[in-house]
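Colleague: Contents of final15.tsv (TSV, C-alpha atoms) are given next:
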```tsv
chain	number	residue	atom	x	y	z
A	22	MET	CA	23.91	-18.23	43.83
A	23	LYS	CA	27.27	-17.21	45.31
A	24	ASN	CA	25.60	-14.36	47.22
A	25	LEU	CA	22.95	-16.78	48.51
A	26	ILE	CA	25.59	-19.24	49.73
A	27	LYS	CA	27.58	-16.39	51.31
A	28	SER	CA	24.47	-15.09	53.08
A	29	TYR	CA	23.61	-18.59	54.34
A	30	ARG	CA	27.11	-19.13	55.75
A	31	GLU	CA	27.13	-15.73	57.46
A	32	ARG	CA	23.83	-16.39	59.21
A	33	TYR	CA	23.86	-20.14	59.83
A	34	PHE	CA	27.34	-21.62	59.45
A	35	ILE	CA	29.04	-22.79	62.66
A	36	SER	CA	32.52	-24.32	62.65
A	37	ARG	CA	32.88	-27.95	63.66
A	38	ALA	CA	35.13	-26.98	66.55
A	39	ASP	CA	32.41	-24.73	67.97
A	40	LEU	CA	29.88	-27.56	67.62
A	41	ALA	CA	31.97	-30.13	69.48
A	42	ASN	CA	29.99	-29.65	72.68
A	43	ALA	CA	26.66	-29.96	70.84
A	44	ALA	CA	28.01	-33.12	69.21
A	45	GLU	CA	28.57	-34.67	72.64
A	46	THR	CA	24.92	-33.97	73.48
A	47	ASN	CA	23.96	-35.65	70.19
A	48	ARG	CA	26.03	-38.66	71.18
A	49	LEU	CA	24.37	-39.00	74.58
A	50	HIS	CA	20.90	-38.68	73.06
A	51	ILE	CA	21.72	-41.38	70.51
A	52	LEU	CA	22.82	-43.68	73.34
A	53	ILE	CA	19.29	-43.35	74.72
A	54	VAL	CA	17.33	-43.46	71.45
A	55	SER	CA	19.20	-46.18	69.53
A	56	PRO	CA	18.62	-49.03	72.07
A	57	LEU	CA	14.89	-48.24	72.06
A	58	LEU	CA	14.78	-48.38	68.26
A	59	PHE	CA	16.88	-51.55	68.27
A	60	ILE	CA	14.45	-53.28	70.64
A	61	PHE	CA	11.53	-52.13	68.50
A	62	GLY	CA	13.11	-53.43	65.27
A	63	LEU	CA	14.26	-56.69	66.85
A	64	GLY	CA	10.78	-57.25	68.29
A	65	ASP	CA	9.23	-56.87	64.84
A	66	LEU	CA	11.75	-59.30	63.36
A	67	ILE	CA	10.97	-61.87	66.05
A	68	PHE	CA	7.23	-61.37	65.45
A	69	LEU	CA	7.64	-61.99	61.70
A	70	LEU	CA	9.76	-65.09	62.26
A	71	THR	CA	7.39	-66.45	64.91
A	72	TYR	CA	4.03	-65.92	63.25
A	73	HIS	CA	4.84	-65.79	59.55
A	74	TYR	CA	7.77	-68.16	59.15
A	75	LYS	CA	5.72	-70.47	56.92
A	76	ASN	CA	4.92	-67.74	54.43
A	77	LEU	CA	7.86	-65.41	55.10
A	78	GLY	CA	8.13	-64.75	51.37
A	79	ASP	CA	4.92	-62.72	51.57
A	80	TYR	CA	6.54	-60.48	54.17
A	81	ILE	CA	10.02	-60.29	52.66
A	82	VAL	CA	9.86	-56.47	52.27
A	83	SER	CA	8.94	-56.06	55.94
A	84	PHE	CA	11.64	-58.52	56.97
A	85	ILE	CA	14.29	-56.63	54.98
A	86	TYR	CA	13.11	-53.26	56.27
A	87	PHE	CA	13.12	-54.25	59.94
A	88	GLY	CA	16.45	-55.99	59.44
A	89	ILE	CA	17.95	-52.72	58.15
A	90	PHE	CA	16.14	-50.76	60.91
A	91	THR	CA	17.60	-53.02	63.60
A	92	LEU	CA	21.08	-53.02	62.05
A	93	PHE	CA	21.22	-49.24	61.71
A	94	SER	CA	20.08	-48.81	65.32
A	95	LEU	CA	22.86	-51.13	66.50
A	96	ILE	CA	25.47	-49.39	64.32
A	97	ALA	CA	24.35	-45.97	65.61
A	98	PHE	CA	24.72	-47.16	69.21
A	99	LEU	CA	28.17	-48.67	68.62
A	100	CYS	CA	29.36	-45.58	66.73
A	101	SER	CA	28.18	-43.35	69.58
A	102	GLN	CA	30.07	-45.50	72.09
A	103	TRP	CA	33.21	-45.48	69.96
A	104	SER	CA	33.12	-41.75	69.18
A	105	GLN	CA	33.40	-40.82	72.87
A	106	LYS	CA	37.20	-40.84	72.54
A	107	ILE	CA	37.37	-38.95	69.25
A	108	VAL	CA	39.43	-35.74	69.34
A	109	ARG	CA	37.37	-32.56	69.42
A	110	GLU	CA	38.40	-31.49	65.91
A	111	LYS	CA	36.62	-34.53	64.46
A	112	ALA	CA	33.97	-34.92	67.15
A	113	TYR	CA	31.07	-33.20	65.40
A	114	ILE	CA	31.15	-35.38	62.29
A	115	CYS	CA	31.72	-38.68	64.11
A	116	LYS	CA	29.12	-37.99	66.81
A	117	THR	CA	26.44	-36.61	64.48
A	118	ILE	CA	26.57	-39.21	61.68
A	119	PRO	CA	24.64	-41.70	63.89
A	120	PHE	CA	21.88	-39.09	64.22
A	121	TYR	CA	21.56	-38.79	60.45
A	122	MET	CA	21.45	-42.60	60.20
A	123	LEU	CA	18.56	-42.84	62.64
A	124	PHE	CA	16.85	-39.77	61.21
A	125	ALA	CA	16.87	-41.27	57.71
A	126	THR	CA	15.70	-44.62	59.11
A	127	ALA	CA	12.80	-42.97	60.94
A	128	ILE	CA	11.80	-41.00	57.81
A	129	ALA	CA	11.86	-44.31	55.93
A	130	ALA	CA	9.60	-45.75	58.65
A	131	GLY	CA	6.99	-43.16	57.71
A	132	VAL	CA	7.16	-44.19	54.07
A	133	TYR	CA	7.01	-47.88	55.10
A	134	ASN	CA	3.91	-47.32	57.24
A	135	PHE	CA	2.26	-45.35	54.44
A	136	TYR	CA	2.76	-47.75	51.55
A	137	ILE	CA	3.76	-51.19	52.84
A	138	LEU	CA	1.50	-51.40	55.88
A	139	GLY	CA	-1.22	-49.39	54.18
A	140	GLN	CA	-1.53	-46.92	57.07
A	141	PRO	CA	-1.39	-43.45	55.46
A	142	PHE	CA	-2.23	-41.50	58.63
A	143	ASN	CA	0.43	-43.31	60.69
A	144	GLY	CA	2.93	-42.79	57.90
A	145	VAL	CA	2.45	-39.02	57.77
A	146	LEU	CA	2.39	-38.84	61.58
A	147	THR	CA	5.66	-40.79	61.87
A	148	TYR	CA	7.28	-38.54	59.25
A	149	CYS	CA	6.21	-35.31	60.98
A	150	LEU	CA	7.01	-36.52	64.50
A	151	THR	CA	10.48	-37.54	63.36
A	152	GLY	CA	11.13	-34.05	62.04
A	153	PHE	CA	9.88	-32.25	65.15
A	154	VAL	CA	11.59	-34.59	67.65
A	155	ALA	CA	14.88	-34.06	65.81
A	156	LEU	CA	14.39	-30.30	66.15
A	157	LEU	CA	13.87	-30.61	69.90
A	158	ALA	CA	16.65	-33.05	70.78
A	159	PHE	CA	19.56	-32.72	68.32
A	160	SER	CA	21.98	-30.27	66.76
A	161	PHE	CA	22.41	-30.63	62.99
A	162	SER	CA	23.00	-28.86	59.71
A	163	PRO	CA	19.77	-27.30	58.39
A	164	PHE	CA	20.87	-28.25	54.87
A	165	TYR	CA	21.13	-32.01	55.53
A	166	TYR	CA	18.05	-31.96	57.74
A	167	SER	CA	16.06	-30.31	54.95
A	168	LEU	CA	17.51	-32.72	52.39
A	169	PHE	CA	16.28	-35.79	54.29
A	170	LEU	CA	12.88	-34.18	54.87
A	171	THR	CA	12.56	-33.31	51.17
A	172	ILE	CA	13.44	-36.83	50.05
A	173	GLY	CA	10.85	-38.27	52.44
A	174	PHE	CA	8.23	-35.77	51.29
A	175	CYS	CA	8.87	-36.64	47.63
A	176	PHE	CA	8.04	-40.27	48.42
A	177	LEU	CA	4.93	-39.34	50.39
A	178	ALA	CA	3.49	-36.48	48.32
A	179	LYS	CA	1.56	-38.50	45.73
A	180	GLY	CA	0.14	-40.87	48.34
A	181	VAL	CA	-0.87	-38.00	50.61
A	182	TYR	CA	-2.75	-36.36	47.74
A	183	LEU	CA	-4.53	-39.60	46.77
A	184	ASN	CA	-5.51	-40.46	50.36
A	185	PHE	CA	-6.16	-37.04	51.91
A	186	GLY	CA	-6.81	-34.83	48.92
A	187	LEU	CA	-5.42	-31.39	48.14
A	188	THR	CA	-6.11	-30.10	51.66
A	189	GLY	CA	-4.09	-32.94	53.21
A	190	LEU	CA	-1.22	-32.31	50.81
A	191	LEU	CA	-1.22	-28.58	51.61
A	192	ASP	CA	-1.26	-29.33	55.36
A	193	THR	CA	1.75	-31.61	54.94
A	194	ILE	CA	3.58	-28.97	52.89
A	195	ILE	CA	2.91	-26.40	55.62
A	196	ALA	CA	4.26	-28.82	58.27
A	197	VAL	CA	7.40	-29.42	56.20
A	198	MET	CA	7.92	-25.68	55.63
A	199	LEU	CA	7.53	-25.06	59.36
A	200	MET	CA	10.19	-27.67	60.07
A	201	PHE	CA	12.52	-26.00	57.53
A	202	CYS	CA	11.96	-22.60	59.17
A	203	PHE	CA	12.42	-23.94	62.70
A	204	ALA	CA	15.65	-25.67	61.63
A	205	LEU	CA	17.05	-22.37	60.32
A	206	TYR	CA	15.80	-20.47	63.38
A	207	LYS	CA	17.35	-23.03	65.73
A	208	ARG	CA	20.71	-22.84	63.95
A	209	ARG	CA	20.60	-19.03	64.03
A	210	ILE	CA	19.91	-19.01	67.77
A	211	GLU	CA	22.62	-21.65	68.27
A	212	LYS	CA	25.15	-19.48	66.44
A	213	LYS	CA	24.24	-16.35	68.43
A	214	TYR	CA	24.54	-18.28	71.67
A	215	ILE	CA	27.97	-19.63	70.73
A	216	MET	CA	29.12	-16.07	70.01
A	217	LEU	CA	27.93	-14.99	73.47
A	218	LEU	CA	29.77	-17.89	75.08
A	219	LYS	CA	32.94	-16.89	73.27
A	220	LYS	CA	32.70	-13.49	74.96
A	221	GLN	CA	32.41	-15.30	78.29
A	222	LYS	CA	35.62	-17.15	77.44
A	223	LYS	CA	37.55	-13.91	77.91
A	224	SER	CA	36.54	-13.82	81.58
A	225	LEU	CA	36.70	-17.51	82.56
A	226	GLU	CA	40.15	-19.07	82.94
A	227	ALA	CA	41.61	-22.28	84.35
A	228	LYS	CA	45.23	-22.38	85.44
A	229	THR	CA	46.48	-25.96	85.58
A	230	PHE	CA	50.28	-25.58	85.59
A	231	GLY	CA	51.20	-25.81	89.26
A	232	ASN	CA	48.11	-25.95	91.45
A	233	PHE	CA	44.71	-25.87	89.81
A	234	THR	CA	42.92	-22.51	90.01
A	235	LEU	CA	39.66	-21.40	88.43
A	236	LEU	CA	39.37	-17.66	87.77
A	237	TYR	CA	36.44	-15.52	86.69
A	238	GLU	CA	37.13	-11.89	85.83
A	239	ASN	CA	40.61	-12.33	87.39
A	240	THR	CA	39.13	-13.44	90.72
A	241	VAL	CA	39.47	-16.95	92.15
A	242	VAL	CA	36.16	-18.80	92.10
A	243	LYS	CA	35.40	-20.02	95.62
A	244	PHE	CA	33.16	-23.01	96.31
A	245	SER	CA	31.40	-24.08	99.50
A	246	ARG	CA	32.80	-27.62	99.43
A	247	SER	CA	36.48	-28.50	99.34
A	248	LYS	CA	36.16	-31.15	96.63
A	249	SER	CA	34.15	-28.99	94.22
A	250	PRO	CA	37.29	-27.52	92.58
A	251	GLU	CA	38.69	-31.05	92.14
A	252	LEU	CA	35.48	-32.12	90.42
A	253	LEU	CA	35.84	-29.29	87.91
A	254	ALA	CA	39.58	-29.84	87.61
A	255	TYR	CA	39.06	-33.45	86.54
A	256	LEU	CA	36.40	-32.47	84.01
A	257	ILE	CA	38.71	-29.80	82.60
A	258	TYR	CA	41.43	-32.43	82.34
A	259	LYS	CA	38.97	-34.63	80.37
A	260	ASN	CA	38.70	-31.81	77.82
A	261	GLY	CA	34.97	-32.03	77.09
A	262	SER	CA	34.58	-35.80	77.27
A	263	SER	CA	31.65	-37.06	79.34
A	264	VAL	CA	32.44	-38.69	82.68
A	265	GLN	CA	29.98	-41.02	84.38
A	266	THR	CA	29.18	-41.06	88.09
A	267	LYS	CA	31.21	-44.19	88.78
A	268	GLU	CA	34.38	-42.66	87.36
A	269	LEU	CA	33.90	-39.43	89.31
A	270	LEU	CA	33.38	-41.34	92.55
A	271	SER	CA	36.58	-43.28	91.94
A	272	VAL	CA	38.58	-40.13	91.23
A	273	LEU	CA	37.21	-38.07	94.11
A	274	TYR	CA	36.82	-40.71	96.82
A	275	GLY	CA	39.07	-43.61	95.83
A	276	ASP	CA	38.83	-46.76	93.71
A	277	HIS	CA	36.60	-48.54	96.20
A	278	ALA	CA	34.08	-45.73	96.59
A	279	ASP	CA	30.54	-46.94	95.93
A	280	SER	CA	27.52	-44.90	94.89
A	281	ALA	CA	25.47	-46.09	97.88
A	282	ARG	CA	27.84	-44.44	100.35
A	283	TYR	CA	29.31	-41.55	98.41
A	284	GLY	CA	26.53	-40.82	95.93
A	285	ALA	CA	24.97	-38.19	98.21
A	286	SER	CA	28.36	-36.48	98.62
A	287	LEU	CA	28.81	-36.29	94.87
A	288	ARG	CA	25.32	-34.87	94.41
A	289	ASN	CA	26.13	-32.19	96.98
A	290	LEU	CA	29.28	-31.29	95.04
A	291	ILE	CA	27.28	-31.00	91.83
A	292	VAL	CA	24.73	-28.74	93.53
A	293	ASP	CA	27.57	-26.60	94.90
A	294	VAL	CA	29.23	-26.27	91.49
A	295	ARG	CA	25.95	-25.39	89.79
A	296	HIS	CA	24.99	-22.87	92.47
A	297	THR	CA	28.39	-21.15	92.47
A	298	LEU	CA	28.56	-20.88	88.67
A	299	ALA	CA	24.96	-19.66	88.50
A	300	GLU	CA	25.68	-16.90	91.04
A	301	LEU	CA	28.54	-15.72	88.84
A	302	GLU	CA	26.27	-16.03	85.75
A	303	ILE	CA	28.69	-18.44	84.09
A	304	GLN	CA	26.63	-20.21	81.43
A	305	LYS	CA	26.95	-23.53	79.59
A	306	PHE	CA	30.27	-24.42	81.21
A	307	PHE	CA	29.35	-27.28	83.52
A	308	ILE	CA	26.96	-29.72	81.83
A	309	ALA	CA	25.12	-32.70	83.34
A	310	GLU	CA	23.13	-35.04	81.08
A	311	TYR	CA	21.88	-38.59	81.72
A	312	ASN	CA	24.22	-39.17	84.66
A	313	ASN	CA	27.12	-37.93	82.52
A	314	PHE	CA	29.12	-34.83	83.43
A	315	ARG	CA	31.45	-32.64	81.38
A	316	ILE	CA	32.61	-29.09	80.84
A	317	ASN	CA	32.50	-27.14	77.58
A	318	PRO	CA	36.12	-26.31	76.63
A	319	GLU	CA	34.92	-23.71	74.13
A	320	VAL	CA	33.91	-21.27	76.89
A	321	ILE	CA	37.09	-21.25	78.99
A	322	ARG	CA	40.71	-20.25	78.53
A	323	CYS	CA	43.10	-22.89	79.80
A	324	ASP	CA	46.90	-23.20	79.70
A	325	TYR	CA	46.55	-27.00	79.39
A	326	TYR	CA	44.42	-26.68	76.25
A	327	ASP	CA	46.82	-24.13	74.78
A	328	PHE	CA	49.68	-26.53	75.49
A	329	LEU	CA	47.90	-29.37	73.70
A	330	ASP	CA	47.32	-27.05	70.73
A	331	GLY	CA	51.06	-26.45	70.51
A	332	ASP	CA	51.04	-22.83	71.68
A	333	PRO	CA	54.72	-21.87	72.29
A	334	GLU	CA	53.83	-19.53	75.17
A	335	ALA	CA	51.91	-22.26	76.99
A	336	ILE	CA	54.75	-24.73	76.47
A	337	LYS	CA	57.21	-22.23	77.98
A	338	LYS	CA	54.95	-21.73	81.02
A	339	PHE	CA	54.93	-25.43	81.83
A	340	ALA	CA	57.51	-26.05	84.59
A	341	GLY	CA	56.94	-29.73	85.26
A	342	GLU	CA	53.83	-29.36	87.42
A	343	PHE	CA	50.22	-30.05	86.44
A	344	MET	CA	47.37	-29.74	88.95
A	345	SER	CA	49.90	-30.62	91.62
A	346	GLN	CA	47.40	-30.97	94.47
A	347	TYR	CA	45.68	-33.95	92.81
A	348	SER	CA	47.29	-37.40	92.67
A	349	TRP	CA	45.34	-38.49	89.58
A	350	ALA	CA	47.13	-35.78	87.55
A	351	GLU	CA	50.62	-37.28	88.05
A	352	GLN	CA	50.55	-39.44	84.91
A	353	THR	CA	49.53	-36.48	82.79
A	354	THR	CA	52.48	-34.52	84.18
A	355	GLY	CA	54.83	-37.12	82.72
A	356	PHE	CA	53.07	-36.92	79.36
A	357	LEU	CA	53.35	-33.13	79.30
A	358	GLU	CA	57.05	-33.28	80.21
A	359	MET	CA	57.72	-35.61	77.27
A	360	LYS	CA	55.76	-33.39	74.90
A	361	ALA	CA	57.48	-30.25	76.16
A	362	SER	CA	60.90	-31.83	75.55
A	363	GLY	CA	59.85	-32.81	72.02
A	364	ARG	CA	59.96	-36.57	72.61
```
Once more with this new file: its structure as structure tokens, please.
Modeller:
Amino acid sequence: MKNLIKSYRERYFISRADLANAAETNRLHILIVSPLLFIFGLGDLIFLLTYHYKNLGDYIVSFIYFGIFTLFSLIAFLCSQWSQKIVREKAYICKTIPFYMLFATAIAAGVYNFYILGQPFNGVLTYCLTGFVALLAFSFSPFYYSLFLTIGFCFLAKGVYLNFGLTGLLDTIIAVMLMFCFALYKRRIEKKYIMLLKKQKKSLEAKTFGNFTLLYENTVVKFSRSKSPELLAYLIYKNGSSVQTKELLSVLYGDHADSARYGASLRNLIVDVRHTLAELEIQKFFIAEYNNFRINPEVIRCDYYDFLDGDPEAIKKFAGEFMSQYSWAEQTTGFLEMKASGR
């Protein structure tokens, strides 16, 4: 057993720090999925109260289920909003727990459709779709993913056999085994990719003490537009947190900048950043998802990050200047001065 656990960790284990960027993607996906599930659950509750209020006792199981479904969707959304400001060391757990909540709820929906609504085909379909959609859209531990799938299958197995026979049961087992295998394969690929990005980290560096400079293979990265470096500088300052368009417009063009006037300018900056990084073959550094923008701190060396981690060399290098060419960095300079002095 010890050898099996050791082999599993060597092939599939990824540290939480390395998964912080994937956790942010999980969080953004949950912000899209959870409102849709909330509306679905709330709609079913309203339907039950509207059309079956006189004999609600006959539908008490459905009422309880959709109440839990709606509540969990709301909690997942609120947790994903709250976890945006969580430090990177704790980000993976806090940003991925809402996924497991919704995943378990969706698996339960398959069981509910199968037994309570008396729709075996829809129940199995919901169960399988939940597993495959999770594979496509989220990052997770194969162990916990498999655990939830197994629990769901244990509830469904007898019913599948009675309704679809041995062939139907074998088909479902094959689908579950495929999901297990894909989960392991996805984690293996994810781990290999993270290792490649760590090699890239040796070549990509941001200097923030004094003027901001982005270096790749000891050469300054040059952009076509003057504000492109400031865009990346601000995202580096945010240390992996997602920044929405409105905030970027305010930082780059002033507090009164509106998307109607400056939106095109921002889009041009984003195209410039993407094009420049792509030409240098810098991967998975600048990330844009759902009108949210961030950088992945795990693939870049940065004196600011080393300073925050308490590295003595980085603290010595700080001479009272932080991204000096940008006015929005002035408050952070004061914070760094206090931390450097030990206050």
Colleague: Just checking: using all atoms listed in the file, which residue out of A:Leu253, A:Ile96, A:Ile67, A:Leu146 ends up closest to Val272 (chain A)?
Modeller: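 Among the listed residues, the smallest separation from Val272 (chain A) belongs to A:Leu253.
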Colleague: Taking all atoms listed in the file into account, which of A:Asn184, A:Thr91, A:Thr193, A:Gln140 comes nearest Thr171 (chain A)?
Modeller: A:Thr193
Colleague: For Val242 (chain A), list every protein, DNA or RNA residue within 12 Å, evaluated using all atoms listed in the file, and leave out those in the same chain fewer than 6 positions away; present the list as a list of chain:residue names.
Modeller: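 Using all atoms listed in the file, the neighbours found are A:Ser224, A:Leu225, A:Glu226, A:Ala227, A:Lys228, A:Phe233, A:Thr234, A:Leu235, A:Leu236, A:Ser249, A:Pro250, A:Leu253, A:Asp293, A:Val294, A:His296, A:Thr297, A:Leu298, A:Ala299, A:Glu300, A:Leu301, A:Ile303.
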Colleague: Generate a file of the selected residues that holds C-alpha atoms, formatted as a PDB file, keeping the file's coordinate frame.
Modeller:
```pdb
ATOM      1  CA  SER A 224      36.540 -13.820  81.580  1.00  0.00           C
ATOM      2  CA  LEU A 225      36.700 -17.510  82.560  1.00  0.00           C
ATOM      3  CA  GLU A 226      40.150 -19.070  82.940  1.00  0.00           C
ATOM      4  CA  ALA A 227      41.610 -22.280  84.350  1.00  0.00           C
ATOM      5  CA  LYS A 228      45.230 -22.380  85.440  1.00  0.00           C
ATOM      6  CA  PHE A 233      44.710 -25.870  89.810  1.00  0.00           C
ATOM      7  CA  THR A 234      42.920 -22.510  90.010  1.00  0.00           C
ATOM      8  CA  LEU A 235      39.660 -21.400  88.430  1.00  0.00           C
ATOM      9  CA  LEU A 236      39.370 -17.660  87.770  1.00  0.00           C
ATOM     10  CA  SER A 249      34.150 -28.990  94.220  1.00  0.00           C
ATOM     11  CA  PRO A 250      37.290 -27.520  92.580  1.00  0.00           C
ATOM     12  CA  LEU A 253      35.840 -29.290  87.910  1.00  0.00           C
ATOM     13  CA  ASP A 293      27.570 -26.600  94.900  1.00  0.00           C
ATOM     14  CA  VAL A 294      29.230 -26.270  91.490  1.00  0.00           C
ATOM     15  CA  HIS A 296      24.990 -22.870  92.470  1.00  0.00           C
ATOM     16  CA  THR A 297      28.390 -21.150  92.470  1.00  0.00           C
ATOM     17  CA  LEU A 298      28.560 -20.880  88.670  1.00  0.00           C
ATOM     18  CA  ALA A 299      24.960 -19.660  88.500  1.00  0.00           C
ATOM     19  CA  GLU A 300      25.680 -16.900  91.040  1.00  0.00           C
ATOM     20  CA  LEU A 301      28.540 -15.720  88.840  1.00  0.00           C
ATOM     21  CA  ILE A 303      28.690 -18.440  84.090  1.00  0.00           C
TER      22      ILE A 303
END
```
Colleague: List the spatial neighbours of region 23-36 of chain A as a ChimeraX atom specification - criterion: any atom at most 7 Å away, all atoms listed in the file, same-chain residues fewer than 2 positions off excluded.
Modeller: /A:38-40,208-209,212
Colleague: Can those selected residues be exported to a file as a compact mmCIF listing (two decimals), keeping the file's coordinate frame so that it contains C-alpha atoms?
Modeller:
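Written output follows (part.txt):
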```
# COMPACT_ATOMS: atom_id res chain seq x y z
CA ALA A 38 35.13 -26.98 66.55
CA ASP A 39 32.41 -24.73 67.97
CA LEU A 40 29.88 -27.56 67.62
CA ARG A 208 20.71 -22.84 63.95
CA ARG A 209 20.60 -19.03 64.03
CA LYS A 212 25.15 -19.48 66.44
```
Colleague: Choose the residue, out of A:Gly231, A:Pro318, A:Gly275, A:Gly189, that has the smallest atom-to-atom separation from Phe339 (chain A); count all atoms listed in the file.
Modeller: A:Gly231
Colleague: For region 181-197 of chain A, write N, CA, C and O atoms out as a compact mmCIF listing (two decimals), in the first residue's frame.
Modeller:
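This went into decode21.txt:
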```txt
# COMPACT_ATOMS: atom_id res chain seq x y z
N VAL A 181 -29.86 0.95 -12.18
CA VAL A 181 -29.43 0.81 -13.57
C VAL A 181 -29.61 -0.64 -14.03
O VAL A 181 -30.10 -0.91 -15.14
N TYR A 182 -29.24 -1.57 -13.18
CA TYR A 182 -29.38 -2.99 -13.53
C TYR A 182 -30.85 -3.37 -13.71
O TYR A 182 -31.21 -4.07 -14.67
N LEU A 183 -31.72 -2.90 -12.80
CA LEU A 183 -33.14 -3.25 -12.88
C LEU A 183 -33.82 -2.62 -14.09
O LEU A 183 -34.73 -3.21 -14.67
N ASN A 184 -33.39 -1.41 -14.47
CA ASN A 184 -34.06 -0.70 -15.57
C ASN A 184 -33.44 -0.96 -16.93
O ASN A 184 -34.14 -0.95 -17.95
N PHE A 185 -32.11 -1.19 -16.97
CA PHE A 185 -31.44 -1.32 -18.26
C PHE A 185 -30.75 -2.67 -18.45
O PHE A 185 -30.15 -2.90 -19.50
N GLY A 186 -30.83 -3.50 -17.42
CA GLY A 186 -30.24 -4.83 -17.54
C GLY A 186 -28.74 -4.83 -17.36
O GLY A 186 -28.11 -3.80 -17.08
N LEU A 187 -28.14 -6.00 -17.57
CA LEU A 187 -26.70 -6.16 -17.37
C LEU A 187 -25.90 -5.31 -18.35
O LEU A 187 -24.87 -4.73 -18.00
N THR A 188 -26.39 -5.23 -19.59
CA THR A 188 -25.68 -4.43 -20.60
C THR A 188 -25.63 -2.96 -20.20
O THR A 188 -24.58 -2.31 -20.31
N GLY A 189 -26.75 -2.42 -19.71
CA GLY A 189 -26.78 -1.03 -19.26
C GLY A 189 -25.84 -0.79 -18.09
O GLY A 189 -25.16 0.24 -18.02
N LEU A 190 -25.78 -1.75 -17.16
CA LEU A 190 -24.89 -1.63 -16.02
C LEU A 190 -23.43 -1.64 -16.47
O LEU A 190 -22.62 -0.83 -16.00
N LEU A 191 -23.10 -2.55 -17.40
CA LEU A 191 -21.73 -2.61 -17.91
C LEU A 191 -21.35 -1.32 -18.65
O LEU A 191 -20.22 -0.84 -18.52
N ASP A 192 -22.29 -0.78 -19.41
CA ASP A 192 -22.03 0.49 -20.11
C ASP A 192 -21.73 1.61 -19.13
O ASP A 192 -20.83 2.44 -19.34
N THR A 193 -22.51 1.64 -18.04
CA THR A 193 -22.30 2.68 -17.02
C THR A 193 -20.95 2.50 -16.34
O THR A 193 -20.24 3.47 -16.07
N ILE A 194 -20.59 1.24 -16.05
CA ILE A 194 -19.29 0.96 -15.44
C ILE A 194 -18.16 1.42 -16.35
O ILE A 194 -17.18 2.02 -15.90
N ILE A 195 -18.30 1.14 -17.65
CA ILE A 195 -17.27 1.57 -18.61
C ILE A 195 -17.15 3.10 -18.62
O ILE A 195 -16.04 3.65 -18.64
N ALA A 196 -18.30 3.80 -18.59
CA ALA A 196 -18.29 5.26 -18.57
C ALA A 196 -17.58 5.79 -17.33
O ALA A 196 -16.77 6.73 -17.40
N VAL A 197 -17.87 5.15 -16.18
CA VAL A 197 -17.23 5.57 -14.92
C VAL A 197 -15.73 5.31 -14.97
O VAL A 197 -14.93 6.17 -14.56
```
